[in-house]
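Chemist: Quick one, my_file-v1.pdb (PDB, N, CA and C atoms):
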```pdb
ATOM      1  N   MET A   1     157.956 113.591  57.937
ATOM      2  CA  MET A   1     157.595 114.685  57.053
ATOM      3  C   MET A   1     156.282 114.355  56.357
ATOM      4  N   GLU A   2     155.543 115.386  55.987
ATOM      5  CA  GLU A   2     154.261 115.213  55.335
ATOM      6  C   GLU A   2     154.399 114.516  53.989
ATOM      7  N   SER A   3     153.316 113.954  53.545
ATOM      8  CA  SER A   3     153.314 113.264  52.261
ATOM      9  C   SER A   3     153.122 114.267  51.127
ATOM     10  N   LEU A   4     153.942 114.165  50.150
ATOM     11  CA  LEU A   4     153.789 114.977  48.950
ATOM     12  C   LEU A   4     153.429 114.076  47.773
ATOM     13  N   THR A   5     152.766 112.958  48.089
ATOM     14  CA  THR A   5     152.338 112.018  47.059
ATOM     15  C   THR A   5     151.461 112.729  46.052
ATOM     16  N   GLY A   6     151.737 112.504  44.804
ATOM     17  CA  GLY A   6     150.946 113.109  43.740
ATOM     18  C   GLY A   6     151.432 114.483  43.323
ATOM     19  N   LYS A   7     152.418 115.010  44.025
ATOM     20  CA  LYS A   7     152.960 116.315  43.669
ATOM     21  C   LYS A   7     154.119 116.149  42.697
ATOM     22  N   SER A   8     154.333 117.168  41.881
ATOM     23  CA  SER A   8     155.387 117.110  40.871
ATOM     24  C   SER A   8     156.762 117.092  41.542
ATOM     25  N   ASP A   9     157.735 116.634  40.784
ATOM     26  CA  ASP A   9     159.114 116.638  41.275
ATOM     27  C   ASP A   9     159.548 118.044  41.654
ATOM     28  N   ARG A  10     159.103 119.043  40.889
ATOM     29  CA  ARG A  10     159.507 120.428  41.179
ATOM     30  C   ARG A  10     158.940 120.922  42.507
ATOM     31  N   ILE A  11     157.710 120.535  42.820
ATOM     32  CA  ILE A  11     157.132 120.905  44.117
ATOM     33  C   ILE A  11     157.868 120.182  45.233
ATOM     34  N   ARG A  12     158.114 118.881  45.061
ATOM     35  CA  ARG A  12     158.843 118.128  46.089
ATOM     36  C   ARG A  12     160.244 118.689  46.296
ATOM     37  N   ASP A  13     160.910 119.058  45.206
ATOM     38  CA  ASP A  13     162.253 119.637  45.318
ATOM     39  C   ASP A  13     162.219 120.990  46.022
ATOM     40  N   ALA A  14     161.215 121.806  45.712
ATOM     41  CA  ALA A  14     161.097 123.117  46.354
ATOM     42  C   ALA A  14     160.901 122.960  47.860
ATOM     43  N   VAL A  15     160.022 122.055  48.260
ATOM     44  CA  VAL A  15     159.786 121.826  49.687
ATOM     45  C   VAL A  15     161.062 121.307  50.355
ATOM     46  N   ALA A  16     161.771 120.422  49.683
ATOM     47  CA  ALA A  16     163.028 119.900  50.243
ATOM     48  C   ALA A  16     164.047 121.022  50.426
ATOM     49  N   GLN A  17     164.146 121.920  49.457
ATOM     50  CA  GLN A  17     165.083 123.042  49.581
ATOM     51  C   GLN A  17     164.678 123.972  50.719
ATOM     52  N   LEU A  18     163.381 124.213  50.862
ATOM     53  CA  LEU A  18     162.902 125.050  51.960
ATOM     54  C   LEU A  18     163.187 124.391  53.306
ATOM     55  N   ARG A  19     162.971 123.080  53.400
ATOM     56  CA  ARG A  19     163.268 122.356  54.645
ATOM     57  C   ARG A  19     164.754 122.438  54.971
ATOM     58  N   GLN A  20     165.589 122.304  53.946
ATOM     59  CA  GLN A  20     167.029 122.371  54.166
ATOM     60  C   GLN A  20     167.430 123.764  54.647
ATOM     61  N   ARG A  21     166.823 124.779  54.086
ATOM     62  CA  ARG A  21     167.186 126.149  54.426
ATOM     63  C   ARG A  21     166.628 126.594  55.780
ATOM     64  N   PHE A  22     165.372 126.215  56.084
ATOM     65  CA  PHE A  22     164.700 126.714  57.281
ATOM     66  C   PHE A  22     164.590 125.689  58.407
ATOM     67  N   GLY A  23     164.768 124.423  58.096
ATOM     68  CA  GLY A  23     164.640 123.385  59.105
ATOM     69  C   GLY A  23     163.334 122.612  58.973
ATOM     70  N   GLN A  24     163.340 121.413  59.508
ATOM     71  CA  GLN A  24     162.202 120.509  59.363
ATOM     72  C   GLN A  24     160.936 121.020  60.024
ATOM     73  N   ARG A  25     161.059 121.770  61.095
ATOM     74  CA  ARG A  25     159.879 122.188  61.869
ATOM     75  C   ARG A  25     159.514 123.653  61.694
ATOM     76  N   ALA A  26     160.154 124.322  60.769
ATOM     77  CA  ALA A  26     159.932 125.760  60.597
ATOM     78  C   ALA A  26     158.562 126.083  60.014
ATOM     79  N   PHE A  27     157.983 125.148  59.265
ATOM     80  CA  PHE A  27     156.698 125.386  58.620
ATOM     81  C   PHE A  27     155.989 124.063  58.390
ATOM     82  N   ALA A  28     154.707 124.176  58.102
ATOM     83  CA  ALA A  28     153.899 123.007  57.737
ATOM     84  C   ALA A  28     153.536 123.117  56.261
ATOM     85  N   VAL A  29     153.378 121.978  55.634
ATOM     86  CA  VAL A  29     152.911 121.933  54.250
ATOM     87  C   VAL A  29     151.427 121.604  54.276
ATOM     88  N   VAL A  30     150.641 122.418  53.578
ATOM     89  CA  VAL A  30     149.202 122.177  53.480
ATOM     90  C   VAL A  30     148.832 122.054  52.011
ATOM     91  N   ASP A  31     147.937 121.129  51.740
ATOM     92  CA  ASP A  31     147.583 120.848  50.350
ATOM     93  C   ASP A  31     146.085 121.031  50.132
ATOM     94  N   TYR A  32     145.716 122.227  49.739
ATOM     95  CA  TYR A  32     144.324 122.516  49.401
ATOM     96  C   TYR A  32     144.035 122.186  47.945
ATOM     97  N   TRP A  33     145.045 121.722  47.226
ATOM     98  CA  TRP A  33     144.921 121.429  45.801
ATOM     99  C   TRP A  33     145.392 120.002  45.522
ATOM    100  N   PRO A  34     144.726 118.992  46.094
ATOM    101  CA  PRO A  34     145.211 117.614  45.955
ATOM    102  C   PRO A  34     145.230 117.108  44.517
ATOM    103  N   ASP A  35     144.413 117.693  43.666
ATOM    104  CA  ASP A  35     144.382 117.256  42.262
ATOM    105  C   ASP A  35     145.338 118.039  41.380
ATOM    106  N   ASP A  36     146.045 118.983  41.949
ATOM    107  CA  ASP A  36     146.988 119.803  41.189
ATOM    108  C   ASP A  36     148.406 119.443  41.621
ATOM    109  N   PRO A  37     149.142 118.743  40.765
ATOM    110  CA  PRO A  37     150.495 118.321  41.145
ATOM    111  C   PRO A  37     151.487 119.475  41.234
ATOM    112  N   ASP A  38     151.095 120.654  40.732
ATOM    113  CA  ASP A  38     152.016 121.782  40.660
ATOM    114  C   ASP A  38     151.681 122.909  41.625
ATOM    115  N   ALA A  39     150.955 122.604  42.712
ATOM    116  CA  ALA A  39     150.607 123.625  43.700
ATOM    117  C   ALA A  39     150.677 123.040  45.104
ATOM    118  N   ILE A  40     151.188 123.853  46.033
ATOM    119  CA  ILE A  40     151.266 123.446  47.439
ATOM    120  C   ILE A  40     151.264 124.706  48.291
ATOM    121  N   GLY A  41     150.847 124.577  49.532
ATOM    122  CA  GLY A  41     150.830 125.709  50.446
ATOM    123  C   GLY A  41     151.807 125.518  51.587
ATOM    124  N   ILE A  42     152.304 126.622  52.086
ATOM    125  CA  ILE A  42     153.192 126.645  53.249
ATOM    126  C   ILE A  42     152.453 127.387  54.351
ATOM    127  N   ALA A  43     152.397 126.787  55.541
ATOM    128  CA  ALA A  43     151.690 127.391  56.670
ATOM    129  C   ALA A  43     152.622 127.516  57.868
ATOM    130  N   ARG A  44     152.247 128.404  58.775
ATOM    131  CA  ARG A  44     152.967 128.494  60.039
ATOM    132  C   ARG A  44     152.736 127.202  60.818
ATOM    133  N   PRO A  45     153.689 126.753  61.596
ATOM    134  CA  PRO A  45     153.500 125.525  62.379
ATOM    135  C   PRO A  45     152.229 125.595  63.215
ATOM    136  N   GLY A  46     151.443 124.534  63.162
ATOM    137  CA  GLY A  46     150.211 124.447  63.933
ATOM    138  C   GLY A  46     149.017 125.119  63.285
ATOM    139  N   GLU A  47     149.202 125.735  62.129
ATOM    140  CA  GLU A  47     148.097 126.387  61.434
ATOM    141  C   GLU A  47     147.721 125.591  60.194
ATOM    142  N   ASP A  48     146.469 125.761  59.774
ATOM    143  CA  ASP A  48     145.964 125.024  58.613
ATOM    144  C   ASP A  48     145.890 125.864  57.345
ATOM    145  N   GLU A  49     145.917 127.175  57.499
ATOM    146  CA  GLU A  49     145.800 128.055  56.338
ATOM    147  C   GLU A  49     147.181 128.398  55.795
ATOM    148  N   PRO A  50     147.354 128.289  54.483
ATOM    149  CA  PRO A  50     148.662 128.638  53.930
ATOM    150  C   PRO A  50     148.927 130.131  54.002
ATOM    151  N   CYS A  51     150.145 130.490  54.347
ATOM    152  CA  CYS A  51     150.559 131.892  54.289
ATOM    153  C   CYS A  51     151.274 132.172  52.974
ATOM    154  N   VAL A  52     151.729 131.110  52.321
ATOM    155  CA  VAL A  52     152.393 131.201  51.020
ATOM    156  C   VAL A  52     151.914 130.035  50.169
ATOM    157  N   SER A  53     151.618 130.310  48.912
ATOM    158  CA  SER A  53     151.293 129.252  47.951
ATOM    159  C   SER A  53     152.385 129.210  46.897
ATOM    160  N   ILE A  54     152.775 128.004  46.522
ATOM    161  CA  ILE A  54     153.824 127.800  45.522
ATOM    162  C   ILE A  54     153.194 127.115  44.318
ATOM    163  N   LEU A  55     153.444 127.669  43.138
ATOM    164  CA  LEU A  55     152.893 127.131  41.898
ATOM    165  C   LEU A  55     154.022 126.943  40.886
ATOM    166  N   THR A  56     154.028 125.787  40.208
ATOM    167  CA  THR A  56     155.083 125.532  39.226
ATOM    168  C   THR A  56     154.550 125.223  37.832
ATOM    169  N   ALA A  57     153.241 125.175  37.655
ATOM    170  CA  ALA A  57     152.667 124.822  36.346
ATOM    171  C   ALA A  57     153.136 125.798  35.271
ATOM    172  N   GLY A  58     153.652 125.235  34.185
ATOM    173  CA  GLY A  58     154.081 126.045  33.057
ATOM    174  C   GLY A  58     155.364 126.821  33.273
ATOM    175  N   LYS A  59     156.038 126.557  34.363
ATOM    176  CA  LYS A  59     157.268 127.277  34.683
ATOM    177  C   LYS A  59     158.496 126.505  34.226
ATOM    178  N   GLU A  60     159.545 127.243  33.914
ATOM    179  CA  GLU A  60     160.834 126.627  33.630
ATOM    180  C   GLU A  60     161.369 126.003  34.909
ATOM    181  N   GLU A  61     162.253 125.065  34.772
ATOM    182  CA  GLU A  61     162.907 124.442  35.928
ATOM    183  C   GLU A  61     163.539 125.529  36.792
ATOM    184  N   GLY A  62     163.298 125.458  38.094
ATOM    185  CA  GLY A  62     163.882 126.421  39.017
ATOM    186  C   GLY A  62     163.122 127.727  39.137
ATOM    187  N   ARG A  63     161.940 127.800  38.520
ATOM    188  CA  ARG A  63     161.111 129.011  38.587
ATOM    189  C   ARG A  63     159.780 128.688  39.245
ATOM    190  N   PHE A  64     159.252 129.674  39.981
ATOM    191  CA  PHE A  64     158.018 129.479  40.739
ATOM    192  C   PHE A  64     157.165 130.736  40.663
ATOM    193  N   ASP A  65     155.862 130.552  40.696
ATOM    194  CA  ASP A  65     154.962 131.644  41.022
ATOM    195  C   ASP A  65     154.658 131.481  42.495
ATOM    196  N   VAL A  66     154.684 132.574  43.228
ATOM    197  CA  VAL A  66     154.513 132.538  44.675
ATOM    198  C   VAL A  66     153.440 133.545  45.060
ATOM    199  N   GLU A  67     152.467 133.089  45.824
ATOM    200  CA  GLU A  67     151.446 133.995  46.335
ATOM    201  C   GLU A  67     151.694 134.248  47.810
ATOM    202  N   LEU A  68     151.749 135.515  48.166
ATOM    203  CA  LEU A  68     151.984 135.954  49.533
ATOM    204  C   LEU A  68     151.086 137.150  49.799
ATOM    205  N   ASP A  69     150.262 137.065  50.820
ATOM    206  CA  ASP A  69     149.371 138.171  51.196
ATOM    207  C   ASP A  69     148.518 138.651  50.022
ATOM    208  N   GLY A  70     148.051 137.715  49.210
ATOM    209  CA  GLY A  70     147.165 138.059  48.106
ATOM    210  C   GLY A  70     147.868 138.595  46.871
ATOM    211  N   LYS A  71     149.166 138.743  46.929
ATOM    212  CA  LYS A  71     149.930 139.224  45.776
ATOM    213  C   LYS A  71     150.719 138.065  45.179
ATOM    214  N   VAL A  72     150.709 137.991  43.849
ATOM    215  CA  VAL A  72     151.437 136.922  43.162
ATOM    216  C   VAL A  72     152.743 137.475  42.604
ATOM    217  N   TYR A  73     153.821 136.806  42.956
ATOM    218  CA  TYR A  73     155.149 137.125  42.440
ATOM    219  C   TYR A  73     155.474 136.060  41.397
ATOM    220  N   ARG A  74     155.669 136.463  40.176
ATOM    221  CA  ARG A  74     155.831 135.525  39.069
ATOM    222  C   ARG A  74     157.314 135.273  38.748
ATOM    223  N   ASN A  75     157.571 134.041  38.343
ATOM    224  CA  ASN A  75     158.896 133.622  37.869
ATOM    225  C   ASN A  75     160.004 133.831  38.892
ATOM    226  N   CYS A  76     159.706 133.560  40.147
ATOM    227  CA  CYS A  76     160.720 133.662  41.206
ATOM    228  C   CYS A  76     161.724 132.521  41.083
ATOM    229  N   VAL A  77     162.949 132.791  41.473
ATOM    230  CA  VAL A  77     163.949 131.743  41.658
ATOM    231  C   VAL A  77     163.891 131.334  43.129
ATOM    232  N   ILE A  78     164.707 130.392  43.538
ATOM    233  CA  ILE A  78     164.623 129.848  44.900
ATOM    234  C   ILE A  78     164.847 130.936  45.957
ATOM    235  N   GLN A  79     165.684 131.912  45.690
ATOM    236  CA  GLN A  79     165.909 132.975  46.663
ATOM    237  C   GLN A  79     164.628 133.788  46.892
ATOM    238  N   GLY A  80     163.876 134.036  45.832
ATOM    239  CA  GLY A  80     162.603 134.744  45.967
ATOM    240  C   GLY A  80     161.580 133.917  46.716
ATOM    241  N   LEU A  81     161.566 132.623  46.454
ATOM    242  CA  LEU A  81     160.675 131.725  47.175
ATOM    243  C   LEU A  81     161.022 131.723  48.665
ATOM    244  N   CYS A  82     162.296 131.662  48.985
ATOM    245  CA  CYS A  82     162.727 131.680  50.391
ATOM    246  C   CYS A  82     162.340 132.997  51.057
ATOM    247  N   TRP A  83     162.510 134.113  50.353
ATOM    248  CA  TRP A  83     162.104 135.408  50.899
ATOM    249  C   TRP A  83     160.615 135.393  51.234
ATOM    250  N   ALA A  84     159.786 134.899  50.288
ATOM    251  CA  ALA A  84     158.332 134.873  50.502
ATOM    252  C   ALA A  84     157.963 133.996  51.692
ATOM    253  N   VAL A  85     158.600 132.846  51.811
ATOM    254  CA  VAL A  85     158.312 131.956  52.939
ATOM    255  C   VAL A  85     158.719 132.627  54.246
ATOM    256  N   ARG A  86     159.882 133.246  54.278
ATOM    257  CA  ARG A  86     160.331 133.947  55.495
ATOM    258  C   ARG A  86     159.333 135.049  55.859
ATOM    259  N   GLU A  87     158.903 135.826  54.889
ATOM    260  CA  GLU A  87     157.913 136.875  55.136
ATOM    261  C   GLU A  87     156.586 136.282  55.620
ATOM    262  N   GLY A  88     156.145 135.217  54.964
ATOM    263  CA  GLY A  88     154.893 134.585  55.327
ATOM    264  C   GLY A  88     154.897 134.007  56.730
ATOM    265  N   LEU A  89     156.046 133.565  57.164
ATOM    266  CA  LEU A  89     156.185 133.018  58.506
ATOM    267  C   LEU A  89     156.412 134.103  59.542
ATOM    268  N   GLY A  90     156.346 135.343  59.110
ATOM    269  CA  GLY A  90     156.507 136.462  60.033
ATOM    270  C   GLY A  90     157.949 136.721  60.424
ATOM    271  N   GLY A  91     158.869 136.356  59.537
ATOM    272  CA  GLY A  91     160.270 136.575  59.827
ATOM    273  C   GLY A  91     160.847 135.608  60.852
ATOM    274  N   ARG A  92     160.062 134.564  61.199
ATOM    275  CA  ARG A  92     160.517 133.617  62.226
ATOM    276  C   ARG A  92     161.471 132.575  61.666
ATOM    277  N   ALA A  93     161.537 132.448  60.377
ATOM    278  CA  ALA A  93     162.378 131.408  59.777
ATOM    279  C   ALA A  93     163.740 131.945  59.435
TER     280      ALA A  93
END
```
As structure tokens, how would this structure be written, given the file I've shared?
Modeler:
Amino acid sequence: MESLTGKSDRIRDAVAQLRQRFGQRAFAVVDYWPDDPDAIGIARPGEDEPCVSILTAGKEEGRFDVELDGKVYRNCVIQGLCWAVREGLGGRA
């Protein structure tokens, strides 16, 4: 699995939950924000551009801001995050 070194526990936990729900190979993790511990991208396998961005800065535990197709969904719970990832992956997950 990719390195999430330097990422917050909440980002690492979110990625772990997504991996558990969708499988280890369902998506790739891309990090265009290496200096931001509270942001990570999700990409389709084999692609470098994120289709979904996950942000946890300033959020309560278990809450995420999620960017999908240029729209930001604020204060999502894990079910909303999973929906966004499934949509971003084109319904393949």
Chemist: One decimal, Å: what's the distance from atom CA of Leu81 of chain A over to atom CA of Asp35 of chain A, could you say?
Modeler: 22.3 Å
Chemist: Could you jot down the atom N of Val72 of chain A to atom C of Val30 of chain A separation for me, Å, one decimal place?
Modeler: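 Between atom N of Val72 of chain A and atom C of Val30 of chain A the gap is 18.0 Å.
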Chemist: Restricting the calculation to only N, CA and C atoms, which member of A:Lys7, A:Gly88, A:Ile78, A:Glu60 is positioned closest to Pro34 of chain A?
Modeler: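 Residue with the minimum atom-to-atom distance to Pro34 of chain A: A:Lys7.
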Chemist: Atom CA of Lys71 of chain A and atom CA of Gly46 of chain A, how far apart in Å?
Modeler: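 Taking atom CA of Gly46 of chain A and atom CA of Lys71 of chain A, their separation equals 23.4 Å.
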Chemist: Calculated over all atoms listed in the file, which of the candidates A:Cys76, A:Cys82, A:Leu89, A:Ile54 has the smallest distance to Ala26 of chain A?
Modeler: A:Leu89
Chemist: Place a sphere of radius 9 Å on (156.5, 136.4, 47.3) in the file coordinates and name every protein, DNA or RNA residue with an atom inside or on its surface, counting only C-alpha atoms; give the answer as number ranges by chain.
Modeler: A: 52-53, 65-69, 71-74, 76, 80-85, 87-88
Chemist: Please save N, CA and C atoms of the selected residues as a PDB file, in the frame of the given file.
Modeler:
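Here's the written file selection18.pdb:
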```pdb
ATOM      1  N   VAL A  52     151.729 131.110  52.321  1.00  0.00           N
ATOM      2  CA  VAL A  52     152.393 131.201  51.020  1.00  0.00           C
ATOM      3  C   VAL A  52     151.914 130.035  50.169  1.00  0.00           C
ATOM      4  N   SER A  53     151.618 130.310  48.912  1.00  0.00           N
ATOM      5  CA  SER A  53     151.293 129.252  47.951  1.00  0.00           C
ATOM      6  C   SER A  53     152.385 129.210  46.897  1.00  0.00           C
ATOM      7  N   ASP A  65     155.862 130.552  40.696  1.00  0.00           N
ATOM      8  CA  ASP A  65     154.962 131.644  41.022  1.00  0.00           C
ATOM      9  C   ASP A  65     154.658 131.481  42.495  1.00  0.00           C
ATOM     10  N   VAL A  66     154.684 132.574  43.228  1.00  0.00           N
ATOM     11  CA  VAL A  66     154.513 132.538  44.675  1.00  0.00           C
ATOM     12  C   VAL A  66     153.440 133.545  45.060  1.00  0.00           C
ATOM     13  N   GLU A  67     152.467 133.089  45.824  1.00  0.00           N
ATOM     14  CA  GLU A  67     151.446 133.995  46.335  1.00  0.00           C
ATOM     15  C   GLU A  67     151.694 134.248  47.810  1.00  0.00           C
ATOM     16  N   LEU A  68     151.749 135.515  48.166  1.00  0.00           N
ATOM     17  CA  LEU A  68     151.984 135.954  49.533  1.00  0.00           C
ATOM     18  C   LEU A  68     151.086 137.150  49.799  1.00  0.00           C
ATOM     19  N   ASP A  69     150.262 137.065  50.820  1.00  0.00           N
ATOM     20  CA  ASP A  69     149.371 138.171  51.196  1.00  0.00           C
ATOM     21  C   ASP A  69     148.518 138.651  50.022  1.00  0.00           C
ATOM     22  N   LYS A  71     149.166 138.743  46.929  1.00  0.00           N
ATOM     23  CA  LYS A  71     149.930 139.224  45.776  1.00  0.00           C
ATOM     24  C   LYS A  71     150.719 138.065  45.179  1.00  0.00           C
ATOM     25  N   VAL A  72     150.709 137.991  43.849  1.00  0.00           N
ATOM     26  CA  VAL A  72     151.437 136.922  43.162  1.00  0.00           C
ATOM     27  C   VAL A  72     152.743 137.475  42.604  1.00  0.00           C
ATOM     28  N   TYR A  73     153.821 136.806  42.956  1.00  0.00           N
ATOM     29  CA  TYR A  73     155.149 137.125  42.440  1.00  0.00           C
ATOM     30  C   TYR A  73     155.474 136.060  41.397  1.00  0.00           C
ATOM     31  N   ARG A  74     155.669 136.463  40.176  1.00  0.00           N
ATOM     32  CA  ARG A  74     155.831 135.525  39.069  1.00  0.00           C
ATOM     33  C   ARG A  74     157.314 135.273  38.748  1.00  0.00           C
ATOM     34  N   CYS A  76     159.706 133.560  40.147  1.00  0.00           N
ATOM     35  CA  CYS A  76     160.720 133.662  41.206  1.00  0.00           C
ATOM     36  C   CYS A  76     161.724 132.521  41.083  1.00  0.00           C
ATOM     37  N   GLY A  80     163.876 134.036  45.832  1.00  0.00           N
ATOM     38  CA  GLY A  80     162.603 134.744  45.967  1.00  0.00           C
ATOM     39  C   GLY A  80     161.580 133.917  46.716  1.00  0.00           C
ATOM     40  N   LEU A  81     161.566 132.623  46.454  1.00  0.00           N
ATOM     41  CA  LEU A  81     160.675 131.725  47.175  1.00  0.00           C
ATOM     42  C   LEU A  81     161.022 131.723  48.665  1.00  0.00           C
ATOM     43  N   CYS A  82     162.296 131.662  48.985  1.00  0.00           N
ATOM     44  CA  CYS A  82     162.727 131.680  50.391  1.00  0.00           C
ATOM     45  C   CYS A  82     162.340 132.997  51.057  1.00  0.00           C
ATOM     46  N   TRP A  83     162.510 134.113  50.353  1.00  0.00           N
ATOM     47  CA  TRP A  83     162.104 135.408  50.899  1.00  0.00           C
ATOM     48  C   TRP A  83     160.615 135.393  51.234  1.00  0.00           C
ATOM     49  N   ALA A  84     159.786 134.899  50.288  1.00  0.00           N
ATOM     50  CA  ALA A  84     158.332 134.873  50.502  1.00  0.00           C
ATOM     51  C   ALA A  84     157.963 133.996  51.692  1.00  0.00           C
ATOM     52  N   VAL A  85     158.600 132.846  51.811  1.00  0.00           N
ATOM     53  CA  VAL A  85     158.312 131.956  52.939  1.00  0.00           C
ATOM     54  C   VAL A  85     158.719 132.627  54.246  1.00  0.00           C
ATOM     55  N   GLU A  87     158.903 135.826  54.889  1.00  0.00           N
ATOM     56  CA  GLU A  87     157.913 136.875  55.136  1.00  0.00           C
ATOM     57  C   GLU A  87     156.586 136.282  55.620  1.00  0.00           C
ATOM     58  N   GLY A  88     156.145 135.217  54.964  1.00  0.00           N
ATOM     59  CA  GLY A  88     154.893 134.585  55.327  1.00  0.00           C
ATOM     60  C   GLY A  88     154.897 134.007  56.730  1.00  0.00           C
TER      61      GLY A  88
END
```
Chemist: Could you write out as a PyMOL selection string the residues that the PyMOL selection byres ((chain A and resi 56-59) around 8) matches in the shown file?
Modeler: chain A and resi 10-11+37-40+53-55+60-66+75
Chemist: If you apply the PyMOL selection byres (((chain A and resi 44 and name CA) around 7) and name CA) to this file, what residues do you get, as a VMD selection string?
Modeler: chain A and resid 27 to 28 43 45 to 47 89
Chemist: Check the DSSP output for the backbone and give back, as a list of chain:residue names, the residues of segment 18-67 of chain A in alpha helix (DSSP H).
Modeler: A:Leu18, A:Arg19, A:Gln20, A:Arg21, A:Phe22
Chemist: Pick out the closest residue to Pro50 of chain A from this set: A:Val77, A:Phe22, A:Gly70, A:Asp36. Count only C-alpha atoms.
Modeler: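 Nearest candidate to Pro50 of chain A out of A:Val77, A:Phe22, A:Gly70, A:Asp36: A:Gly70.
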Chemist: May I ask which of the residues A:Arg12, A:Asp31, A:Arg21, A:Asp48 is the closest one to Arg86 of chain A, counting only C-alpha atoms?
Modeler: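 Result for the nearest residue to Arg86 of chain A: A:Arg21.
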Chemist: Please give the complete set of residues from chain A that DSSP, run on the backbone, assigns to strand (DSSP E), formatted as a PyMOL selection string.
Modeler: chain A and resi 28-30+39-43+52-55+64-68+71-76
Chemist: Those residues you just picked out, can you put them in a file as a compact mmCIF listing (two decimals), in the frame of the given file with N, CA and C atoms?
Modeler:
```
# COMPACT_ATOMS: atom_id res chain seq x y z
N ALA A 28 154.71 124.18 58.10
CA ALA A 28 153.90 123.01 57.74
C ALA A 28 153.54 123.12 56.26
N VAL A 29 153.38 121.98 55.63
CA VAL A 29 152.91 121.93 54.25
C VAL A 29 151.43 121.60 54.28
N VAL A 30 150.64 122.42 53.58
CA VAL A 30 149.20 122.18 53.48
C VAL A 30 148.83 122.05 52.01
N ALA A 39 150.96 122.60 42.71
CA ALA A 39 150.61 123.62 43.70
C ALA A 39 150.68 123.04 45.10
N ILE A 40 151.19 123.85 46.03
CA ILE A 40 151.27 123.45 47.44
C ILE A 40 151.26 124.71 48.29
N GLY A 41 150.85 124.58 49.53
CA GLY A 41 150.83 125.71 50.45
C GLY A 41 151.81 125.52 51.59
N ILE A 42 152.30 126.62 52.09
CA ILE A 42 153.19 126.64 53.25
C ILE A 42 152.45 127.39 54.35
N ALA A 43 152.40 126.79 55.54
CA ALA A 43 151.69 127.39 56.67
C ALA A 43 152.62 127.52 57.87
N VAL A 52 151.73 131.11 52.32
CA VAL A 52 152.39 131.20 51.02
C VAL A 52 151.91 130.04 50.17
N SER A 53 151.62 130.31 48.91
CA SER A 53 151.29 129.25 47.95
C SER A 53 152.38 129.21 46.90
N ILE A 54 152.78 128.00 46.52
CA ILE A 54 153.82 127.80 45.52
C ILE A 54 153.19 127.12 44.32
N LEU A 55 153.44 127.67 43.14
CA LEU A 55 152.89 127.13 41.90
C LEU A 55 154.02 126.94 40.89
N PHE A 64 159.25 129.67 39.98
CA PHE A 64 158.02 129.48 40.74
C PHE A 64 157.16 130.74 40.66
N ASP A 65 155.86 130.55 40.70
CA ASP A 65 154.96 131.64 41.02
C ASP A 65 154.66 131.48 42.50
N VAL A 66 154.68 132.57 43.23
CA VAL A 66 154.51 132.54 44.68
C VAL A 66 153.44 133.54 45.06
N GLU A 67 152.47 133.09 45.82
CA GLU A 67 151.45 134.00 46.34
C GLU A 67 151.69 134.25 47.81
N LEU A 68 151.75 135.51 48.17
CA LEU A 68 151.98 135.95 49.53
C LEU A 68 151.09 137.15 49.80
N LYS A 71 149.17 138.74 46.93
CA LYS A 71 149.93 139.22 45.78
C LYS A 71 150.72 138.06 45.18
N VAL A 72 150.71 137.99 43.85
CA VAL A 72 151.44 136.92 43.16
C VAL A 72 152.74 137.48 42.60
N TYR A 73 153.82 136.81 42.96
CA TYR A 73 155.15 137.12 42.44
C TYR A 73 155.47 136.06 41.40
N ARG A 74 155.67 136.46 40.18
CA ARG A 74 155.83 135.52 39.07
C ARG A 74 157.31 135.27 38.75
N ASN A 75 157.57 134.04 38.34
CA ASN A 75 158.90 133.62 37.87
C ASN A 75 160.00 133.83 38.89
N CYS A 76 159.71 133.56 40.15
CA CYS A 76 160.72 133.66 41.21
C CYS A 76 161.72 132.52 41.08
```
